[in-house]
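> So that you have it, the file is data36.pdb, and it contains PDB, C-alpha atoms:
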```
ATOM      1  CA  MET A 183     116.579 129.150-121.603
ATOM      2  CA  GLY A 184     114.922 127.147-118.899
ATOM      3  CA  SER A 185     114.884 123.488-118.120
ATOM      4  CA  TYR A 186     111.356 123.412-116.626
ATOM      5  CA  ILE A 187     107.838 124.493-117.560
ATOM      6  CA  TYR A 188     105.811 125.828-114.647
ATOM      7  CA  LEU A 189     102.082 125.146-114.660
ATOM      8  CA  GLN A 190      99.517 126.659-112.320
ATOM      9  CA  ARG A 191      97.411 123.805-111.009
ATOM     10  CA  TYR A 192      93.610 123.975-111.130
ATOM     11  CA  ASN A 193      93.340 123.442-107.383
ATOM     12  CA  LYS A 194      95.415 126.609-106.808
ATOM     13  CA  ASN A 195      97.807 124.784-104.474
ATOM     14  CA  GLY A 196     100.862 126.083-106.273
ATOM     15  CA  GLU A 197     102.870 125.440-109.387
ATOM     16  CA  LEU A 198     103.938 122.201-110.980
ATOM     17  CA  ALA A 199     107.382 122.118-112.590
ATOM     18  CA  ILE A 200     107.797 119.678-115.482
ATOM     19  CA  SER A 201     111.287 118.910-116.740
ATOM     20  CA  LYS A 202     112.515 119.470-120.292
ATOM     21  CA  LYS A 203     113.349 115.750-120.429
ATOM     22  CA  VAL A 204     109.654 114.929-120.028
ATOM     23  CA  PHE A 205     108.748 117.108-122.999
ATOM     24  CA  GLN A 206     111.607 115.583-125.009
ATOM     25  CA  THR A 207     110.163 112.123-124.366
ATOM     26  CA  VAL A 208     106.647 113.312-125.247
ATOM     27  CA  GLY A 209     107.973 114.639-128.569
ATOM     28  CA  GLU A 210     109.795 111.407-129.348
ATOM     29  CA  GLU A 211     106.707 109.346-128.470
ATOM     30  CA  SER A 212     104.660 111.512-130.839
ATOM     31  CA  LEU A 213     106.782 110.209-133.724
ATOM     32  CA  ARG A 214     106.455 106.547-132.766
ATOM     33  CA  ASN A 215     103.454 105.485-134.873
ATOM     34  CA  ILE A 216     103.594 107.960-137.749
ATOM     35  CA  ASP A 217     103.565 106.179-141.110
ATOM     36  CA  GLY A 218     105.874 107.598-143.755
ATOM     37  CA  LEU A 219     108.756 108.534-141.442
ATOM     38  CA  LEU A 220     112.035 106.716-141.781
ATOM     39  CA  LYS A 221     112.847 105.528-138.309
ATOM     40  CA  LYS A 222     115.963 103.362-138.152
ATOM     41  CA  GLU A 223     117.406 102.128-141.369
ATOM     42  CA  ALA A 224     120.896 100.788-141.933
ATOM     43  CA  LYS A 225     120.864 102.008-145.536
ATOM     44  CA  VAL A 226     120.746 105.722-144.794
ATOM     45  CA  GLU A 227     123.360 108.050-143.378
ATOM     46  CA  LYS A 228     121.227 109.851-140.835
ATOM     47  CA  SER A 229     118.959 107.080-139.704
ATOM     48  CA  LYS A 230     116.730 108.562-137.050
ATOM     49  CA  PRO A 231     114.355 111.508-136.731
ATOM     50  CA  THR A 232     115.307 113.874-133.922
ATOM     51  CA  VAL A 233     113.347 116.154-131.638
ATOM     52  CA  VAL A 234     114.764 119.323-130.108
ATOM     53  CA  VAL A 235     112.885 120.967-127.249
ATOM     54  CA  ILE A 236     113.576 124.545-126.213
ATOM     55  CA  ILE A 237     111.921 126.201-123.218
ATOM     56  CA  LYS A 238     111.871 129.979-123.271
ATOM     57  CA  ASN A 239     109.604 132.274-121.263
ATOM     58  CA  ASN A 240     107.649 129.255-119.985
ATOM     59  CA  LYS A 241     106.751 128.214-123.534
ATOM     60  CA  LEU A 242     107.772 125.068-125.410
ATOM     61  CA  SER A 243     109.282 125.105-128.844
ATOM     62  CA  TYR A 244     109.486 121.752-130.630
ATOM     63  CA  LYS A 245     111.789 121.342-133.611
ATOM     64  CA  PHE A 246     111.353 118.073-135.482
ATOM     65  CA  ASN A 247     114.121 116.954-137.843
ATOM     66  CA  LEU A 248     112.485 114.323-140.026
ATOM     67  CA  LEU A 249     113.413 111.777-142.652
ATOM     68  CA  LEU A 250     110.525 111.010-145.011
ATOM     69  CA  ASP A 251     109.821 108.106-147.303
ATOM     70  CA  LYS A 252     109.583 109.009-150.978
ATOM     71  CA  ASN A 253     106.173 110.241-152.192
ATOM     72  CA  VAL A 254     104.922 111.093-148.694
ATOM     73  CA  SER A 255     103.050 114.356-148.169
ATOM     74  CA  LYS A 256     104.816 116.670-145.719
ATOM     75  CA  GLU A 257     101.510 118.319-144.833
ATOM     76  CA  ILE A 258      99.892 115.023-143.838
ATOM     77  CA  ILE A 259     102.914 114.028-141.748
ATOM     78  CA  GLN A 260     102.922 117.423-140.004
ATOM     79  CA  GLU A 261      99.207 117.171-139.251
ATOM     80  CA  GLN A 262      99.612 113.673-137.786
ATOM     81  CA  ILE A 263     102.572 114.716-135.621
ATOM     82  CA  ILE A 264     100.828 117.834-134.311
ATOM     83  CA  ARG A 265      97.675 115.836-133.497
ATOM     84  CA  GLN A 266      99.697 113.163-131.699
ATOM     85  CA  LEU A 267     101.830 115.743-129.862
ATOM     86  CA  ASN A 268      98.733 117.625-128.712
ATOM     87  CA  ASN A 269      97.137 114.406-127.415
ATOM     88  CA  ASN A 270     100.333 113.379-125.629
ATOM     89  CA  LEU A 271     100.772 116.773-123.980
ATOM     90  CA  LEU A 272      97.167 116.850-122.791
ATOM     91  CA  ASN A 273      97.542 113.324-121.379
ATOM     92  CA  HIS A 274     100.633 114.247-119.347
ATOM     93  CA  CYS A 275      99.841 117.753-118.183
ATOM     94  CA  ASP A 276      97.379 120.598-118.432
ATOM     95  CA  ASN A 277      97.338 123.105-121.245
ATOM     96  CA  VAL A 278     100.928 123.970-122.214
ATOM     97  CA  PRO A 279     101.728 126.713-124.726
ATOM     98  CA  TYR A 280     103.875 125.339-127.523
ATOM     99  CA  GLU A 281     104.936 125.887-131.095
ATOM    100  CA  VAL A 282     106.187 123.382-133.621
ATOM    101  CA  SER A 283     108.584 123.660-136.546
ATOM    102  CA  PHE A 284     109.704 121.007-138.997
ATOM    103  CA  ASN A 285     112.963 120.441-140.810
ATOM    104  CA  TYR A 286     113.310 117.742-143.436
ATOM    105  CA  ILE A 287     116.636 115.996-143.769
ATOM    106  CA  GLU A 288     117.679 114.764-147.172
ATOM    107  CA  VAL A 289     118.281 111.040-147.068
ATOM    108  CA  LYS A 290     121.624 109.989-148.508
ATOM    109  CA  GLU A 291     122.427 106.389-149.257
ATOM    110  CA  LYS A 292     125.527 105.022-147.543
ATOM    111  CA  LYS A 293     128.335 104.068-149.871
TER     112      LYS A 293
END
```
Represent the structure of the file as C-alpha coordinates.

Amino acid sequence: MGSYIYLQRYNKNGELAISKKVFQTVGEESLRNIDGLLKKEAKVEKSKPTVVVIIKNNKLSYKFNLLLDKNVSKEIIQEQIIRQLNNNLLNHCDNVPYEVSFNYIEVKEKK
(Lines of atoms letter the chains of each structure in order from A and count residues from 1; the text may use other names and numbers.)
(Lines give C-alpha, C1' and ligand atoms only; values in the text may rest on other atoms or scores of the structure.)
Protein backbone atom coordinates (compact mmCIF):
# COMPACT_ATOMS: atom_id res chain seq x y z
CA MET A 1 0.00 0.00 0.00
CA GLY A 2 1.20 3.45 -0.84
CA SER A 3 1.14 6.69 1.03
CA TYR A 4 0.83 8.95 -2.04
CA ILE A 5 -1.36 9.29 -5.12
CA TYR A 6 0.52 10.35 -8.24
CA LEU A 7 -1.32 12.57 -10.71
CA GLN A 8 -0.15 13.49 -14.19
CA ARG A 9 -0.52 17.24 -14.51
CA TYR A 10 -2.32 18.77 -17.50
CA ASN A 11 0.71 20.86 -18.41
CA LYS A 12 2.78 17.66 -18.80
CA ASN A 13 5.53 19.00 -16.54
CA GLY A 14 5.61 15.85 -14.45
CA GLU A 15 3.68 14.16 -11.69
CA LEU A 16 2.14 15.59 -8.57
CA ALA A 17 2.28 13.43 -5.44
CA ILE A 18 -0.53 13.98 -2.93
CA SER A 19 -0.19 12.50 0.54
CA LYS A 20 -2.61 10.03 2.12
CA LYS A 21 -3.09 12.54 4.95
CA VAL A 22 -4.57 15.02 2.48
CA PHE A 23 -7.14 12.47 1.32
CA GLN A 24 -7.89 11.56 4.94
CA THR A 25 -8.67 15.21 5.66
CA VAL A 26 -10.79 15.49 2.50
CA GLY A 27 -12.82 12.47 3.65
CA GLU A 28 -13.31 13.88 7.13
CA GLU A 29 -14.35 17.27 5.71
CA SER A 30 -16.91 15.49 3.52
CA LEU A 31 -18.72 14.38 6.69
CA ARG A 32 -18.75 17.82 8.30
CA ASN A 33 -22.15 19.13 7.17
CA ILE A 34 -24.10 15.92 6.62
CA ASP A 35 -27.39 15.95 8.53
CA GLY A 36 -28.36 12.70 10.20
CA LEU A 37 -24.86 11.62 11.26
CA LEU A 38 -24.03 11.44 14.92
CA LYS A 39 -20.88 13.45 15.30
CA LYS A 40 -19.76 13.83 18.91
CA GLU A 41 -22.15 12.82 21.60
CA ALA A 42 -21.32 12.08 25.21
CA LYS A 43 -24.23 9.63 25.45
CA VAL A 44 -22.90 7.06 23.01
CA GLU A 45 -20.03 4.62 23.30
CA LYS A 46 -18.43 5.21 19.93
CA SER A 47 -19.02 8.89 19.48
CA LYS A 48 -17.43 9.82 16.19
CA PRO A 49 -17.64 8.69 12.57
CA THR A 50 -14.30 7.56 11.18
CA VAL A 51 -12.76 7.58 7.74
CA VAL A 52 -10.16 5.07 6.58
CA VAL A 53 -8.20 5.80 3.41
CA ILE A 54 -6.28 3.09 1.60
CA ILE A 55 -4.10 3.76 -1.44
CA LYS A 56 -3.42 0.77 -3.65
CA ASN A 57 -2.25 0.81 -7.27
CA ASN A 58 -2.62 4.61 -7.37
CA LYS A 59 -6.31 4.36 -6.50
CA LEU A 60 -8.10 5.62 -3.39
CA SER A 61 -10.40 3.49 -1.32
CA TYR A 62 -12.52 5.31 1.25
CA LYS A 63 -14.15 3.36 4.07
CA PHE A 64 -16.62 5.37 6.13
CA ASN A 65 -17.64 4.03 9.54
CA LEU A 66 -20.80 5.94 10.39
CA LEU A 67 -23.17 6.45 13.29
CA LEU A 68 -26.68 7.38 12.15
CA ASP A 69 -29.56 9.05 13.90
CA LYS A 70 -32.69 6.92 14.19
CA ASN A 71 -35.04 6.98 11.17
CA VAL A 72 -32.40 8.31 8.78
CA SER A 73 -32.15 6.79 5.31
CA LYS A 74 -28.76 5.18 4.67
CA GLU A 75 -29.16 5.73 0.93
CA ILE A 76 -29.68 9.48 1.32
CA ILE A 77 -26.69 9.77 3.66
CA GLN A 78 -24.50 7.80 1.23
CA GLU A 79 -25.58 9.99 -1.68
CA GLN A 80 -24.81 13.18 0.26
CA ILE A 81 -21.38 11.92 1.35
CA ILE A 82 -20.42 10.78 -2.15
CA ARG A 83 -21.53 14.12 -3.64
CA GLN A 84 -19.58 16.07 -1.02
CA LEU A 85 -16.51 13.82 -1.37
CA ASN A 86 -16.54 14.21 -5.15
CA ASN A 87 -16.77 18.01 -4.86
CA ASN A 88 -13.97 18.12 -2.29
CA LEU A 89 -11.67 15.92 -4.36
CA LEU A 90 -12.25 17.98 -7.50
CA ASN A 91 -11.55 21.18 -5.55
CA HIS A 92 -8.20 19.90 -4.25
CA CYS A 93 -6.86 17.97 -7.21
CA ASP A 94 -7.63 16.72 -10.68
CA ASN A 95 -9.59 13.59 -11.41
CA VAL A 96 -8.64 10.89 -8.88
CA PRO A 97 -9.92 7.32 -9.18
CA TYR A 98 -11.65 6.28 -5.98
CA GLU A 99 -14.17 3.89 -4.52
CA VAL A 100 -16.29 4.26 -1.42
CA SER A 101 -17.70 1.75 1.05
CA PHE A 102 -19.84 2.33 4.11
CA ASN A 103 -20.06 0.56 7.43
CA TYR A 104 -22.72 1.46 9.97
CA ILE A 105 -21.84 1.20 13.63
CA GLU A 106 -24.57 0.30 16.06
CA VAL A 107 -24.95 3.02 18.65
CA LYS A 108 -24.89 1.75 22.22
CA GLU A 109 -25.89 3.92 25.12
CA LYS A 110 -23.27 4.32 27.84
CA LYS A 111 -24.21 2.85 31.18
> Hey, what's within 12 Å of Glu261 in chain A if we count all atoms listed in the file and toss same-chain stuff fewer than 5 positions away? As JSON, numbers by chain, please?
{"A": [212, 213, 216, 217, 255, 256, 266, 267, 268, 282, 283, 284]}
> Decode the PyMOL selection byres ((chain A and resi 281) around 12) for the given file into explicit residues and return them as a list in words.
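On the file shown, the PyMOL selection byres ((chain A and resi 281) around 12) covers Gly209, Val234, Val235, Ile236, Ile237, Lys238, Asn240, Lys241, Leu242, Ser243, Tyr244, Lys245, Phe246, Ile264, Leu267, Asn268, Val278, Pro279, Tyr280, Val282, Ser283 and Phe284 of chain A.
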> Determine the nearest neighbour of Gln260 in chain A from the options A:Thr207, A:Ile287, A:Cys275, A:Gly218, counting only C-alpha atoms.
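Result for the nearest residue to Gln260 in chain A: A:Gly218.
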> May I ask for the distance between CA of Gly184 in chain A and CA of Lys202 in chain A, given in Å to one decimal place?
8.2 Å
> Starting from the displayed file, determine the output of the PyMOL selection byres ((chain A and resi 252) around 10) and express the residue list as a PyMOL selection string.
chain A and resi 218-220+249-251+253-255+289
> Taking all atoms listed in the file into account, which of A:Ile263, A:Leu248, A:Leu271, A:Leu189 comes nearest Val204 in chain A?
A:Leu271
> Care to translate the PyMOL selection byres ((chain A and resi 186) around 6) into actual residues of this file, as a JSON list (two decimals) with C-alpha atoms, keeping the file's coordinate frame?

```json
[["chain", "number", "residue", "atom", "x", "y", "z"],
["A", 184, "GLY", "CA", 114.92, 127.15, -118.90],
["A", 185, "SER", "CA", 114.88, 123.49, -118.12],
["A", 187, "ILE", "CA", 107.84, 124.49, -117.56],
["A", 199, "ALA", "CA", 107.38, 122.12, -112.59],
["A", 200, "ILE", "CA", 107.80, 119.68, -115.48],
["A", 201, "SER", "CA", 111.29, 118.91, -116.74],
["A", 202, "LYS", "CA", 112.52, 119.47, -120.29]]
```
> Measure the distance from CA of Thr232 in chain A to CA of Asn247 in chain A in Å and round it to one decimal.
5.1 Å
> In Å, rounded to a single decimal, give me how far CA of Val208 in chain A is from CA of Asn273 in chain A.
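We find that CA of Asn273 in chain A and CA of Val208 in chain A lie 9.9 Å from each other.
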